[in-house]
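Trainee: data-v4.csv is reproduced below (CSV, C-alpha atoms and all ligand atoms).
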chain,number,residue,atom,x,y,z
A,20,MET,CA,0.0,0.0,0.0
A,21,ILE,CA,1.3,3.4,-0.9
A,22,ASN,CA,2.1,5.8,1.9
A,23,PHE,CA,-0.2,8.6,0.7
A,24,ASP,CA,0.2,10.7,3.8
A,25,LYS,CA,3.9,10.9,3.2
A,26,LEU,CA,3.3,11.6,-0.5
A,27,ASN,CA,0.8,14.4,-0.1
A,28,HIS,CA,2.9,15.9,2.7
A,29,TYR,CA,6.1,15.9,0.7
A,30,ILE,CA,4.5,17.5,-2.4
A,31,LYS,CA,2.5,20.1,-0.3
A,32,ASN,CA,5.1,21.0,2.3
A,33,GLU,CA,8.5,20.3,0.9
A,34,LEU,CA,8.3,20.8,-2.9
A,35,PHE,CA,5.5,23.4,-3.3
A,36,ALA,CA,5.2,25.1,0.0
A,37,TYR,CA,4.4,28.4,-1.7
A,38,ASP,CA,1.4,27.1,-3.7
A,39,SER,CA,-2.2,26.3,-2.7
A,40,PRO,CA,-3.7,24.4,-4.3
A,41,ILE,CA,-0.8,22.5,-5.9
A,42,LEU,CA,-1.4,22.9,-9.6
A,43,LEU,CA,-0.1,20.5,-12.3
A,44,HIS,CA,1.8,23.3,-14.1
A,45,ARG,CA,1.5,27.0,-13.4
A,46,PRO,CA,3.6,29.6,-15.4
A,47,VAL,CA,6.4,31.7,-13.8
A,48,PHE,CA,6.9,35.3,-14.8
A,49,SER,CA,10.1,36.4,-13.2
A,50,GLY,CA,11.8,38.2,-16.0
A,51,ASN,CA,11.1,41.0,-18.5
A,52,GLU,CA,7.5,40.1,-19.1
A,53,LYS,CA,5.9,43.3,-17.8
A,54,GLN,CA,8.5,45.5,-19.4
A,55,TYR,CA,8.2,44.0,-22.9
A,56,LEU,CA,4.4,44.2,-22.7
A,57,ILE,CA,4.6,47.9,-21.8
A,58,ASP,CA,7.1,48.4,-24.7
A,59,CYS,CA,4.7,46.7,-27.0
A,60,ILE,CA,1.8,49.0,-25.9
A,61,ASP,CA,4.0,52.1,-26.1
A,62,SER,CA,4.9,51.2,-29.7
A,63,ASN,CA,1.3,50.8,-30.7
A,64,PHE,CA,2.1,47.5,-32.2
A,65,VAL,CA,0.0,45.1,-30.2
A,66,SER,CA,-1.6,43.1,-32.9
A,67,SER,CA,-0.7,40.9,-35.9
A,68,VAL,CA,2.6,42.5,-36.8
A,69,GLY,CA,5.5,43.9,-34.8
A,70,GLN,CA,9.2,43.6,-33.9
A,71,LYS,CA,8.5,41.2,-31.0
A,72,VAL,CA,7.1,38.6,-33.4
A,73,VAL,CA,10.3,38.8,-35.4
A,74,ASP,CA,12.5,38.7,-32.3
A,75,PHE,CA,10.6,35.7,-30.9
A,76,GLU,CA,11.0,33.8,-34.2
A,77,ASN,CA,14.7,34.4,-34.2
A,78,GLN,CA,15.1,33.4,-30.5
A,79,ILE,CA,13.3,30.1,-31.2
A,80,LEU,CA,15.2,29.2,-34.4
A,81,GLU,CA,18.5,29.9,-32.8
A,82,TYR,CA,17.6,27.9,-29.7
A,83,ILE,CA,16.4,24.9,-31.7
A,84,GLY,CA,19.2,25.2,-34.2
A,85,ILE,CA,17.0,25.3,-37.3
A,86,ASP,CA,16.9,27.6,-40.3
A,87,HIS,CA,13.3,29.0,-40.1
A,88,ALA,CA,10.7,29.6,-37.5
A,89,VAL,CA,7.2,31.0,-38.2
A,90,ALA,CA,5.1,32.3,-35.3
A,91,ILE,CA,1.6,31.1,-35.3
A,92,VAL,CA,-1.4,31.8,-33.0
A,93,ASN,CA,-1.3,28.5,-31.2
A,94,GLY,CA,0.2,25.0,-31.5
A,95,THR,CA,-2.9,23.4,-32.9
A,96,SER,CA,-3.0,25.9,-35.8
A,97,ALA,CA,0.7,25.3,-36.4
A,98,LEU,CA,0.0,21.6,-36.7
A,99,HIS,CA,-2.9,22.3,-39.1
A,100,ILE,CA,-0.6,24.3,-41.3
A,101,ALA,CA,2.3,21.9,-41.0
A,102,MET,CA,0.2,19.1,-42.2
A,103,GLN,CA,-1.4,21.0,-45.0
A,104,LEU,CA,2.0,22.1,-46.3
A,105,VAL,CA,3.5,18.5,-46.4
A,106,GLY,CA,0.4,17.4,-48.4
A,107,VAL,CA,-2.1,16.1,-45.9
A,108,THR,CA,-5.3,16.4,-48.0
A,109,HIS,CA,-8.9,15.3,-48.1
A,110,ASN,CA,-9.4,11.5,-47.9
A,111,THR,CA,-5.9,10.6,-46.9
A,112,GLU,CA,-4.6,9.1,-43.7
A,113,VAL,CA,-2.0,10.2,-41.2
A,114,ILE,CA,-0.1,7.8,-38.9
A,115,THR,CA,0.1,9.1,-35.3
A,116,GLN,CA,0.2,7.7,-31.8
A,117,PRO,CA,-2.9,7.0,-29.6
A,118,VAL,CA,-1.1,8.6,-26.6
A,119,THR,CA,-1.3,12.3,-27.3
A,120,PHE,CA,-3.3,15.5,-26.6
A,121,VAL,CA,-6.4,15.7,-28.8
A,122,ALA,CA,-4.9,18.6,-30.7
A,123,THR,CA,-2.7,16.3,-32.8
A,124,CYS,CA,-5.7,14.4,-34.1
A,125,ASN,CA,-7.9,17.5,-34.4
A,126,ALA,CA,-5.4,19.1,-36.7
A,127,ILE,CA,-5.4,15.9,-38.9
A,128,SER,CA,-9.2,16.2,-39.1
A,129,TYR,CA,-9.0,19.9,-40.0
A,130,CYS,CA,-7.3,18.7,-43.2
A,131,ASN,CA,-10.2,16.3,-43.8
A,132,ALA,CA,-7.8,13.4,-43.3
A,133,SER,CA,-8.1,10.6,-40.7
A,134,PRO,CA,-5.6,9.4,-38.1
A,135,VAL,CA,-4.3,5.8,-38.1
A,136,PHE,CA,-3.0,4.8,-34.7
A,137,VAL,CA,0.3,3.0,-34.3
A,138,ASP,CA,1.6,2.0,-30.8
A,139,VAL,CA,4.0,3.7,-28.6
A,140,ASP,CA,7.1,2.5,-26.7
A,141,LYS,CA,6.7,1.9,-23.0
A,142,ASP,CA,9.9,3.8,-22.1
A,143,THR,CA,9.6,6.9,-24.3
A,144,LEU,CA,5.7,7.1,-24.3
A,145,GLY,CA,6.1,8.1,-28.0
A,146,LEU,CA,5.6,6.4,-31.4
A,147,SER,CA,7.5,3.1,-31.6
A,148,PRO,CA,9.8,2.9,-34.7
A,149,GLU,CA,9.5,-0.9,-34.7
A,150,LYS,CA,5.7,-0.9,-34.7
A,151,LEU,CA,5.7,1.9,-37.3
A,152,GLU,CA,7.9,-0.1,-39.7
A,153,SER,CA,5.9,-3.3,-39.3
A,154,PHE,CA,2.7,-1.4,-39.8
A,155,LEU,CA,4.0,0.1,-43.0
A,156,LYS,CA,5.5,-3.2,-44.2
A,157,ASP,CA,2.3,-5.2,-43.5
A,158,ASN,CA,-0.4,-2.7,-44.4
A,159,THR,CA,0.8,-0.5,-47.2
A,160,LYS,CA,2.0,-0.8,-50.8
A,161,GLN,CA,4.4,1.7,-52.2
A,162,THR,CA,3.2,4.0,-55.0
A,163,ARG,CA,4.6,7.0,-56.8
A,164,GLU,CA,2.6,9.2,-54.4
A,165,GLY,CA,3.9,7.4,-51.3
A,166,PRO,CA,2.5,4.5,-49.3
A,167,VAL,CA,-1.1,3.5,-49.8
A,168,ASN,CA,-3.1,1.6,-47.1
A,169,LYS,CA,-4.0,-1.8,-48.5
A,170,ILE,CA,-7.1,-2.0,-46.3
A,171,SER,CA,-8.7,1.4,-46.9
A,172,GLY,CA,-7.1,2.1,-50.3
A,173,LYS,CA,-6.2,5.6,-49.0
A,174,ARG,CA,-2.8,7.3,-49.4
A,175,ILE,CA,-0.9,7.8,-46.2
A,176,SER,CA,0.1,11.4,-46.4
A,177,ALA,CA,2.2,12.0,-43.2
A,178,CYS,CA,3.5,10.6,-40.0
A,179,VAL,CA,3.1,12.7,-36.8
A,180,PRO,CA,5.0,11.4,-33.7
A,181,MET,CA,4.8,13.4,-30.5
A,182,HIS,CA,7.3,13.8,-27.7
A,183,THR,CA,5.1,13.0,-24.7
A,184,PHE,CA,5.5,15.2,-21.6
A,185,GLY,CA,8.8,16.4,-23.1
A,186,HIS,CA,10.4,13.0,-23.3
A,187,PRO,CA,11.8,12.5,-26.8
A,188,CYS,CA,10.6,9.5,-28.8
A,189,ARG,CA,13.1,7.6,-31.0
A,190,ILE,CA,12.8,10.3,-33.6
A,191,GLU,CA,16.0,9.5,-35.6
A,192,GLU,CA,14.8,5.9,-36.2
A,193,ILE,CA,11.3,7.2,-37.1
A,194,ALA,CA,12.8,9.8,-39.5
A,195,ASP,CA,14.8,7.0,-41.2
A,196,ILE,CA,11.7,4.9,-41.7
A,197,CYS,CA,9.7,7.8,-43.1
A,198,LYS,CA,12.5,8.5,-45.6
A,199,LYS,CA,12.6,4.8,-46.6
A,200,TYR,CA,8.8,4.8,-47.2
A,201,ASN,CA,8.6,8.2,-48.7
A,202,LEU,CA,6.4,9.6,-45.9
A,203,PRO,CA,6.5,13.2,-44.9
A,204,LEU,CA,7.3,13.7,-41.2
A,205,VAL,CA,5.7,16.3,-39.0
A,206,GLU,CA,7.0,16.4,-35.4
A,207,ASP,CA,4.5,17.4,-32.7
A,208,ALA,CA,7.1,19.0,-30.4
A,209,ALA,CA,4.4,21.1,-28.6
A,210,GLU,CA,5.6,19.8,-25.2
A,211,SER,CA,9.3,19.4,-25.9
A,212,LEU,CA,11.0,22.8,-26.2
A,213,GLY,CA,14.4,22.1,-24.5
A,214,SER,CA,14.4,18.4,-25.2
A,215,TYR,CA,17.1,16.7,-27.3
A,216,TYR,CA,17.5,13.3,-29.0
A,217,LYS,CA,21.2,12.4,-29.3
A,218,GLY,CA,22.1,16.1,-28.9
A,219,LYS,CA,19.7,17.4,-31.6
A,220,HIS,CA,16.7,19.4,-30.6
A,221,THR,CA,13.3,17.8,-31.0
A,222,GLY,CA,11.2,19.3,-33.8
A,223,SER,CA,14.2,19.5,-36.1
A,224,PHE,CA,14.2,15.9,-37.4
A,225,GLY,CA,11.2,16.0,-39.8
A,226,ASP,CA,10.0,18.2,-42.7
A,227,ILE,CA,8.3,20.4,-40.2
A,228,GLY,CA,8.1,20.6,-36.4
A,229,ILE,CA,5.8,22.6,-34.2
A,230,VAL,CA,6.1,24.0,-30.6
A,231,SER,CA,3.3,25.3,-28.3
A,232,PHE,CA,3.4,28.3,-25.9
A,233,ASN,CA,0.1,27.6,-24.2
A,234,GLY,CA,-0.2,28.7,-20.6
A,235,ASN,CA,0.7,25.2,-19.3
A,236,LYS,CA,3.8,24.6,-21.5
A,237,ILE,CA,7.4,25.0,-20.5
A,238,ILE,CA,7.4,28.6,-21.5
A,239,THR,CA,4.2,30.5,-22.4
A,240,ALA,CA,3.3,33.4,-24.6
A,241,GLY,CA,-0.2,33.4,-23.1
A,242,GLY,CA,-1.1,31.4,-26.1
A,243,GLY,CA,1.0,30.7,-29.2
A,244,GLY,CA,2.8,28.3,-31.4
A,245,MET,CA,5.8,28.1,-33.7
A,246,LEU,CA,6.3,26.2,-36.9
A,247,VAL,CA,10.0,25.3,-37.5
A,248,THR,CA,11.7,23.8,-40.5
A,249,ASN,CA,15.0,23.7,-42.5
A,250,ASN,CA,13.0,24.0,-45.7
A,251,GLN,CA,12.9,27.6,-46.9
A,252,ASP,CA,10.1,27.0,-49.4
A,253,LEU,CA,7.9,25.5,-46.7
A,254,ALA,CA,8.7,28.4,-44.3
A,255,VAL,CA,7.8,31.0,-46.9
A,256,LYS,CA,4.5,29.2,-47.6
A,257,ALA,CA,3.8,28.9,-43.9
A,258,LYS,CA,4.2,32.6,-43.4
A,259,HIS,CA,2.1,33.4,-46.4
A,260,ILE,CA,-0.8,31.1,-45.6
A,261,THR,CA,-1.0,32.0,-42.0
A,262,THR,CA,-1.1,35.8,-42.8
A,263,THR,CA,-4.2,35.8,-45.0
A,264,GLY,CA,-2.2,35.0,-48.2
A,265,LYS,CA,-1.8,38.7,-48.9
A,266,ILE,CA,0.6,39.6,-51.8
A,267,PRO,CA,3.1,42.0,-50.3
A,268,HIS,CA,2.4,45.6,-51.5
A,269,PRO,CA,2.8,49.0,-49.7
A,270,TYR,CA,-0.9,49.7,-49.9
A,271,GLU,CA,-2.9,47.3,-52.1
A,272,TYR,CA,-4.8,44.4,-50.7
A,273,TYR,CA,-4.7,41.4,-53.0
A,274,HIS,CA,-5.1,37.8,-51.9
A,275,GLU,CA,-4.4,34.9,-54.2
A,276,GLU,CA,-5.9,32.0,-52.3
A,277,VAL,CA,-8.1,31.1,-49.3
A,278,ALA,CA,-5.7,31.4,-46.4
A,279,TYR,CA,-5.8,31.9,-42.6
A,280,ASN,CA,-5.4,34.6,-40.0
A,281,TYR,CA,-3.2,32.4,-37.8
A,282,ARG,CA,-0.8,35.2,-36.8
A,283,LEU,CA,0.6,35.5,-33.3
A,284,PRO,CA,-0.2,38.9,-31.9
A,285,ASN,CA,2.8,41.1,-31.0
A,286,LEU,CA,1.7,41.2,-27.3
A,287,ASN,CA,1.9,37.4,-27.1
A,288,ALA,CA,5.3,37.4,-28.8
A,289,ALA,CA,6.5,40.0,-26.2
A,290,LEU,CA,5.6,37.6,-23.4
A,291,GLY,CA,7.3,34.8,-25.3
A,292,CYS,CA,10.5,36.8,-25.7
A,293,ALA,CA,10.7,37.4,-22.0
A,294,GLN,CA,10.1,33.7,-21.3
A,295,MET,CA,12.7,32.6,-23.8
A,296,GLU,CA,15.3,34.6,-21.8
A,297,GLN,CA,14.5,32.4,-18.8
A,298,LEU,CA,14.2,29.0,-20.5
A,299,THR,CA,17.7,27.8,-19.6
A,300,GLY,CA,17.0,28.6,-16.0
A,301,PHE,CA,13.6,27.0,-16.1
A,302,LEU,CA,15.1,23.8,-17.5
A,303,LYS,CA,17.7,23.6,-14.7
A,304,GLU,CA,14.9,24.0,-12.1
A,305,LYS,CA,12.8,21.3,-13.9
A,306,ARG,CA,15.7,18.9,-13.7
A,307,ILE,CA,16.3,19.5,-10.0
A,308,LEU,CA,12.6,18.9,-9.4
A,309,ALA,CA,12.7,15.7,-11.4
A,310,ASP,CA,15.7,14.4,-9.5
A,311,LYS,CA,14.0,15.1,-6.2
A,312,TYR,CA,10.9,13.3,-7.4
A,313,ASN,CA,13.1,10.4,-8.6
A,314,ASP,CA,14.7,9.9,-5.2
A,315,PHE,CA,11.5,10.4,-3.3
A,316,PHE,CA,9.5,7.9,-5.4
A,317,GLN,CA,12.3,5.3,-5.1
A,318,ASP,CA,11.7,5.3,-1.3
A,319,LEU,CA,7.9,4.9,-1.9
A,320,ASP,CA,8.6,2.0,-4.3
A,321,ILE,CA,6.8,3.8,-7.2
A,322,GLN,CA,8.4,4.2,-10.6
A,323,PHE,CA,9.1,7.8,-11.6
A,324,ILE,CA,9.4,8.2,-15.4
A,325,ARG,CA,12.9,9.3,-16.4
A,326,GLU,CA,14.2,10.6,-19.7
A,327,PRO,CA,14.7,7.8,-22.2
A,328,GLU,CA,18.2,6.6,-23.2
A,329,SER,CA,20.3,8.9,-25.4
A,330,CYS,CA,17.8,11.7,-24.6
A,331,HIS,CA,17.9,15.0,-22.7
A,332,SER,CA,14.4,15.8,-21.6
A,333,ASN,CA,12.9,19.1,-20.5
A,334,TYR,CA,10.9,17.3,-17.8
A,335,TRP,CA,7.9,19.4,-18.7
A,336,LEU,CA,5.3,17.3,-17.0
A,337,ASN,CA,6.5,14.7,-14.5
A,338,ALA,CA,4.8,11.4,-14.4
A,339,VAL,CA,4.8,8.2,-12.4
A,340,LEU,CA,3.9,4.6,-13.4
A,341,LEU,CA,1.6,2.9,-10.9
A,342,ALA,CA,1.3,-0.9,-10.6
A,343,ASN,CA,-2.1,-1.2,-12.1
A,344,ARG,CA,-5.4,0.7,-12.7
A,345,GLU,CA,-6.7,0.1,-9.1
A,346,GLU,CA,-3.5,1.6,-7.6
A,347,ARG,CA,-3.7,4.4,-10.2
A,348,ASP,CA,-7.2,5.3,-9.1
A,349,LEU,CA,-6.3,5.3,-5.4
A,350,PHE,CA,-3.4,7.6,-6.2
A,351,LEU,CA,-5.6,10.0,-8.1
A,352,GLU,CA,-8.2,10.0,-5.5
A,353,SER,CA,-5.9,10.6,-2.5
A,354,THR,CA,-3.9,13.3,-4.1
A,355,ASN,CA,-6.7,15.3,-5.6
A,356,LYS,CA,-8.7,15.0,-2.3
A,357,ASN,CA,-5.8,16.5,-0.5
A,358,GLY,CA,-5.3,19.6,-2.7
A,359,VAL,CA,-2.5,18.0,-4.8
A,360,MET,CA,-3.5,18.1,-8.5
A,361,THR,CA,-2.7,15.0,-10.4
A,362,ARG,CA,-4.3,13.5,-13.5
A,363,PRO,CA,-4.2,10.3,-15.5
A,364,ILE,CA,-2.6,10.3,-18.9
A,365,TRP,CA,-5.0,11.3,-21.7
A,366,ALA,CA,-7.7,8.8,-22.7
A,367,LEU,CA,-6.3,7.0,-25.8
A,368,MET,CA,-7.3,8.9,-29.0
A,369,ASN,CA,-8.8,5.8,-30.6
A,370,LYS,CA,-11.3,5.7,-27.7
A,371,LEU,CA,-12.7,9.2,-28.3
A,372,PRO,CA,-16.0,9.1,-30.3
A,373,MET,CA,-14.7,11.1,-33.2
A,374,PHE,CA,-11.7,8.7,-33.8
A,375,SER,CA,-13.2,5.4,-32.6
A,376,LYS,CA,-13.6,4.1,-36.2
A,377,CYS,CA,-10.0,4.9,-37.2
A,378,GLN,CA,-7.7,2.0,-38.0
A,379,THR,CA,-5.3,0.9,-35.3
A,380,GLY,CA,-2.3,-1.4,-35.1
A,381,ASP,CA,-1.7,-3.5,-32.0
A,382,LEU,CA,-1.9,-0.9,-29.2
A,383,SER,CA,-0.9,-3.1,-26.2
A,384,ASN,CA,1.8,-0.7,-24.9
A,385,ALA,CA,-0.6,2.3,-25.1
A,386,GLU,CA,-3.3,0.4,-23.3
A,387,TRP,CA,-0.8,-0.7,-20.6
A,388,LEU,CA,0.4,2.9,-20.1
A,389,GLU,CA,-3.2,4.2,-20.1
A,390,ASP,CA,-3.9,2.1,-17.0
A,391,ARG,CA,-0.8,3.2,-15.1
A,392,VAL,CA,0.6,6.7,-15.9
A,393,VAL,CA,-0.3,9.7,-13.7
A,394,ASN,CA,1.0,13.2,-14.1
A,395,ILE,CA,2.1,15.0,-10.9
A,396,PRO,CA,2.7,18.6,-10.0
A,397,SER,CA,5.5,20.0,-12.2
A,398,SER,CA,5.7,23.7,-11.7
A,399,ILE,CA,8.9,25.4,-11.0
A,400,PRO,CA,8.9,25.8,-7.2
A,401,THR,CA,9.1,29.6,-6.7
A,402,PRO,CA,7.3,32.1,-4.5
A,403,LYS,CA,4.1,33.1,-6.3
A,404,THR,CA,4.3,36.8,-5.8
A,405,LYS,CA,7.3,38.2,-7.5
A,501,LIG,C1,-0.4,21.7,-26.2
A,501,LIG,C2,-0.3,20.7,-27.2
A,501,LIG,C3,-0.8,21.0,-28.6
A,501,LIG,C4,-1.5,22.3,-28.9
A,501,LIG,O1,-1.0,23.4,-28.6
A,501,LIG,P1,-1.9,24.7,-28.3
A,501,LIG,O2,-1.0,25.8,-28.4
A,501,LIG,O3,-2.6,24.5,-27.0
A,501,LIG,O4,-2.9,24.8,-29.4
A,501,LIG,C5,-0.6,20.1,-29.5
A,501,LIG,N1,-0.1,18.9,-29.3
A,501,LIG,C6,0.3,18.5,-28.0
A,501,LIG,C7,0.9,17.2,-27.8
A,501,LIG,C8,0.2,19.4,-27.0
A,501,LIG,O5,0.5,19.1,-25.8
Re-express the file's structure as structure tokens.
Mentor:
Amino acid sequence: MINFDKLNHYIKNELFAYDSPILLHRPVFSGNEKQYLIDCIDSNFVSSVGQKVVDFENQILEYIGIDHAVAIVNGTSALHIAMQLVGVTHNTEVITQPVTFVATCNAISYCNASPVFVDVDKDTLGLSPEKLESFLKDNTKQTREGPVNKISGKRISACVPMHTFGHPCRIEEIADICKKYNLPLVEDAAESLGSYYKGKHTGSFGDIGIVSFNGNKIITAGGGGMLVTNNQDLAVKAKHITTTGKIPHPYEYYHEEVAYNYRLPNLNAALGCAQMEQLTGFLKEKRILADKYNDFFQDLDIQFIREPESCHSNYWLNAVLLANREERDLFLESTNKNGVMTRPIWALMNKLPMFSKCQTGDLSNAEWLEDRVVNIPSSIPTPKTK
């Protein structure tokens, strides 16, 4: 039996003594946030264009080590555009993992395509390269346009792995398989800013990667996203299609196609710039917290989920692995009742009504994780008023 008194006491009084209740992930604003917002207002540029947007894009591309970054209103919209640009179209299919936030699958649906679910690895919580390859080998035939699903007859237009809770999946192996099968790769790195696979930043392995700056992510812009790529053509198209498709001209308004207003407001970019300045510090604090949790849970005989081999994780959202579903439910009940916010990993995407008819491979690892994984408070422990 888990010593819940010890657990709740440790989280409330030792790790997060400043907070009440203990949230899963609250933002920290301890840098130039207020100043940059004031600068923005003083400049009159608070909306869809402005210097902070350009600055934020440059900070991100430098940090990730990639050629192009395009600021977008949120991570979901960035995913939508990323998929559209690599050729996800009506009546095609996109391979993704059942363990993800719903935004990944919603974005596939915005392109009128449908997800196909391939299993994850137990240690990374992300798409399994072995299962991906065997799915492609067994279920698709190669055509000039790329792999076609032998069962549905539909073209598979992209593969979208996700780096769960900031832990990188085996993205290099996945990228190799995608190349071999002529499959565009979009990386959902919404949760993994600051996470590396074999020294290379997540989001930079595929044709396009996306990052999110929602309020609960490792840094926040209030809301926001970024599309990153080494492909200049895709970057130019991404900017164009997310900024109403306007042909640049000093005063004339002419638009050549149906496009989107997916621009990140300058105000949000200002917040993002201030947060980026603190990212390295945040990451250090996150690692210290993860190490503390690791030691603590060892004493409780509960498995704390560590960064996978060859990876450097941002430890965005910490998680533990309980023995079974009963123990998981007891854990959730005891912590939440005592003001310590915890939550189970997302319901598997293939179990949601809108995706329940989608094709799946063998999902035994995902099912296993769904019964056992719980997220625990992961904020950076600092005084709230600063
Ligand atoms: C947060 C998140 C998104 C969406 O980002 P928003 O900025 O909230 O739209 C997409 N995918 C995953 C895995 C996420 O965690």
Trainee: For a quick check of understanding, using only C-alpha atoms, which of A:Leu80, A:Leu367, A:Leu151, A:Ile91 has the smallest distance to Asn280 in chain A?
Mentor: A:Ile91
Trainee: Which of these residues is nearest to Ile238 in chain A, using all atoms listed in the file: A:Leu42, A:Cys377, A:Val392, A:Leu290?
Mentor: A:Leu290
Trainee: Would you pick out the contacts of range 378-386 of chain A at 6 Å or less, using only C-alpha atoms, so that residues sharing its chain but fewer than 4 positions from it are not included, and give the list as a PyMOL selection string?
Mentor: chain A and resi 135-139+141
Trainee: Take the residues from that selection and put them in a file with C-alpha atoms, as a JSON list (two decimals), in the frame of the given file.
Mentor:
[["chain", "number", "residue", "atom", "x", "y", "z"],
["A", 135, "VAL", "CA", -4.30, 5.80, -38.10],
["A", 136, "PHE", "CA", -3.00, 4.80, -34.70],
["A", 137, "VAL", "CA", 0.30, 3.00, -34.30],
["A", 138, "ASP", "CA", 1.60, 2.00, -30.80],
["A", 139, "VAL", "CA", 4.00, 3.70, -28.60],
["A", 141, "LYS", "CA", 6.70, 1.90, -23.00]]
Trainee: Using all atoms listed in the file, which residues sit within 8 Å of Asn333 in chain A once same-chain residues fewer than 2 positions away are excluded, as a ChimeraX atom specification?
Mentor: /A:185-186,211-214,302,305-306,331,335
Trainee: Tell me, in Å to one decimal, how far CA of Arg282 in chain A is from CA of Val68 in chain A.
Mentor: 8.1 Å
Trainee: Find the residues near ligand LIG 501 (chain A). Use a cut-off of 7 Å, count all atoms listed in the file, and write them as a list in words.
Mentor: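 The distance check yields Asn93, Gly94, Thr95, Ser96, Thr119, Phe120, Ala122, Thr123, Met181, Thr183, Asp207, Ala208, Ala209, Glu210, Ser231, Phe232, Asn233, Lys236, Gly242, Gly243 and Gly244 of chain A.
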Trainee: Between CA of Phe48 in chain A and CA of Ile307 in chain A, what distance in Å does the model show, to one decimal?
Mentor: 19.0 Å
Trainee: Find the residues near Asn77 in chain A: any atom within 10 Å, counting only C-alpha atoms, skip ones fewer than 6 places away on the same chain, and give them as an MDAnalysis selection string.
Mentor: chainID A and resid 71 83 85:90 292
Trainee: How about saving the chosen residues, C-alpha atoms kept, as a PDB file, in the frame of the given file?
Mentor:
ATOM      1  CA  LYS A  71       8.500  41.200 -31.000  1.00  0.00           C
ATOM      2  CA  ILE A  83      16.400  24.900 -31.700  1.00  0.00           C
ATOM      3  CA  ILE A  85      17.000  25.300 -37.300  1.00  0.00           C
ATOM      4  CA  ASP A  86      16.900  27.600 -40.300  1.00  0.00           C
ATOM      5  CA  HIS A  87      13.300  29.000 -40.100  1.00  0.00           C
ATOM      6  CA  ALA A  88      10.700  29.600 -37.500  1.00  0.00           C
ATOM      7  CA  VAL A  89       7.200  31.000 -38.200  1.00  0.00           C
ATOM      8  CA  ALA A  90       5.100  32.300 -35.300  1.00  0.00           C
ATOM      9  CA  CYS A 292      10.500  36.800 -25.700  1.00  0.00           C
TER      10      CYS A 292
END
Trainee: From the list A:His28, A:His182, A:Arg163, A:Lys376, which residue is nearest Pro134 in chain A when using all atoms listed in the file?
Mentor: A:Lys376
Trainee: Check the smallest atom-to-atom distance from each of A:Cys130, A:Phe316, A:Asn110, A:Val105 to Gly228 in chain A using all atoms listed in the file, then report the winner.
Mentor: A:Val105
Trainee: Using only C-alpha atoms, what residues lie at most 6 Å away from (24.5, 11.4, -28.2) (file coordinates), given as a PyMOL selection string?
Mentor: chain A and resi 217-218+329
Trainee: Name the residues in contact with Asp252 in chain A at a cut-off of 12 Å, using only C-alpha atoms, excluding same-chain residues fewer than 4 positions from it; report them as a PyMOL selection string.
Mentor: chain A and resi 86-87+104-105+226-227+248+256-259
Trainee: Using all atoms listed in the file, pick whichever of A:Gln294, A:Tyr55, A:Leu98, A:Glu164 has the shortest atom-to-atom distance to Gly222 in chain A.
Mentor: A:Leu98
Trainee: Quick one: residues within 9 Å of Pro46 in chain A, all atoms listed in the file, excluding same-chain residues fewer than 5 positions away - as JSON, numbers by chain?
Mentor: {"A": [234, 235, 236, 237, 238, 239, 398, 399]}
Trainee: One decimal, in Å: what's the spacing between CA of Gly225 in chain A and CA of Leu204 in chain A?
Mentor: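 Taking CA of Gly225 in chain A and CA of Leu204 in chain A, their separation equals 4.7 Å.
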Trainee: When you count all atoms listed in the file, which of these residues is closest to Pro400 in chain A: A:Leu146, A:Asp195, A:His109, A:Val47?
Mentor: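 Ranked by minimum distance to Pro400 in chain A, first place goes to A:Val47.
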Trainee: Using only C-alpha atoms, give me every residue within 9 Å of (-3.9, 44.1, -31.4) in file coordinates, as a list in words.
Mentor: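 These residues have at least one counted atom within 9 Å: Asn63, Phe64, Val65, Ser66, Ser67, Val68, Pro284, Asn285 and Leu286 of chain A.
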Trainee: Those same residues - C-alpha atoms - I'd like them written as an mmCIF file, keeping the file's coordinate frame.
Mentor:
data_model
loop_
_atom_site.group_PDB
_atom_site.id
_atom_site.type_symbol
_atom_site.label_atom_id
_atom_site.label_comp_id
_atom_site.auth_asym_id
_atom_site.auth_seq_id
_atom_site.Cartn_x
_atom_site.Cartn_y
_atom_site.Cartn_z
ATOM 1 C CA ASN A 63 1.300 50.800 -30.700
ATOM 2 C CA PHE A 64 2.100 47.500 -32.200
ATOM 3 C CA VAL A 65 0.000 45.100 -30.200
ATOM 4 C CA SER A 66 -1.600 43.100 -32.900
ATOM 5 C CA SER A 67 -0.700 40.900 -35.900
ATOM 6 C CA VAL A 68 2.600 42.500 -36.800
ATOM 7 C CA PRO A 284 -0.200 38.900 -31.900
ATOM 8 C CA ASN A 285 2.800 41.100 -31.000
ATOM 9 C CA LEU A 286 1.700 41.200 -27.300
#
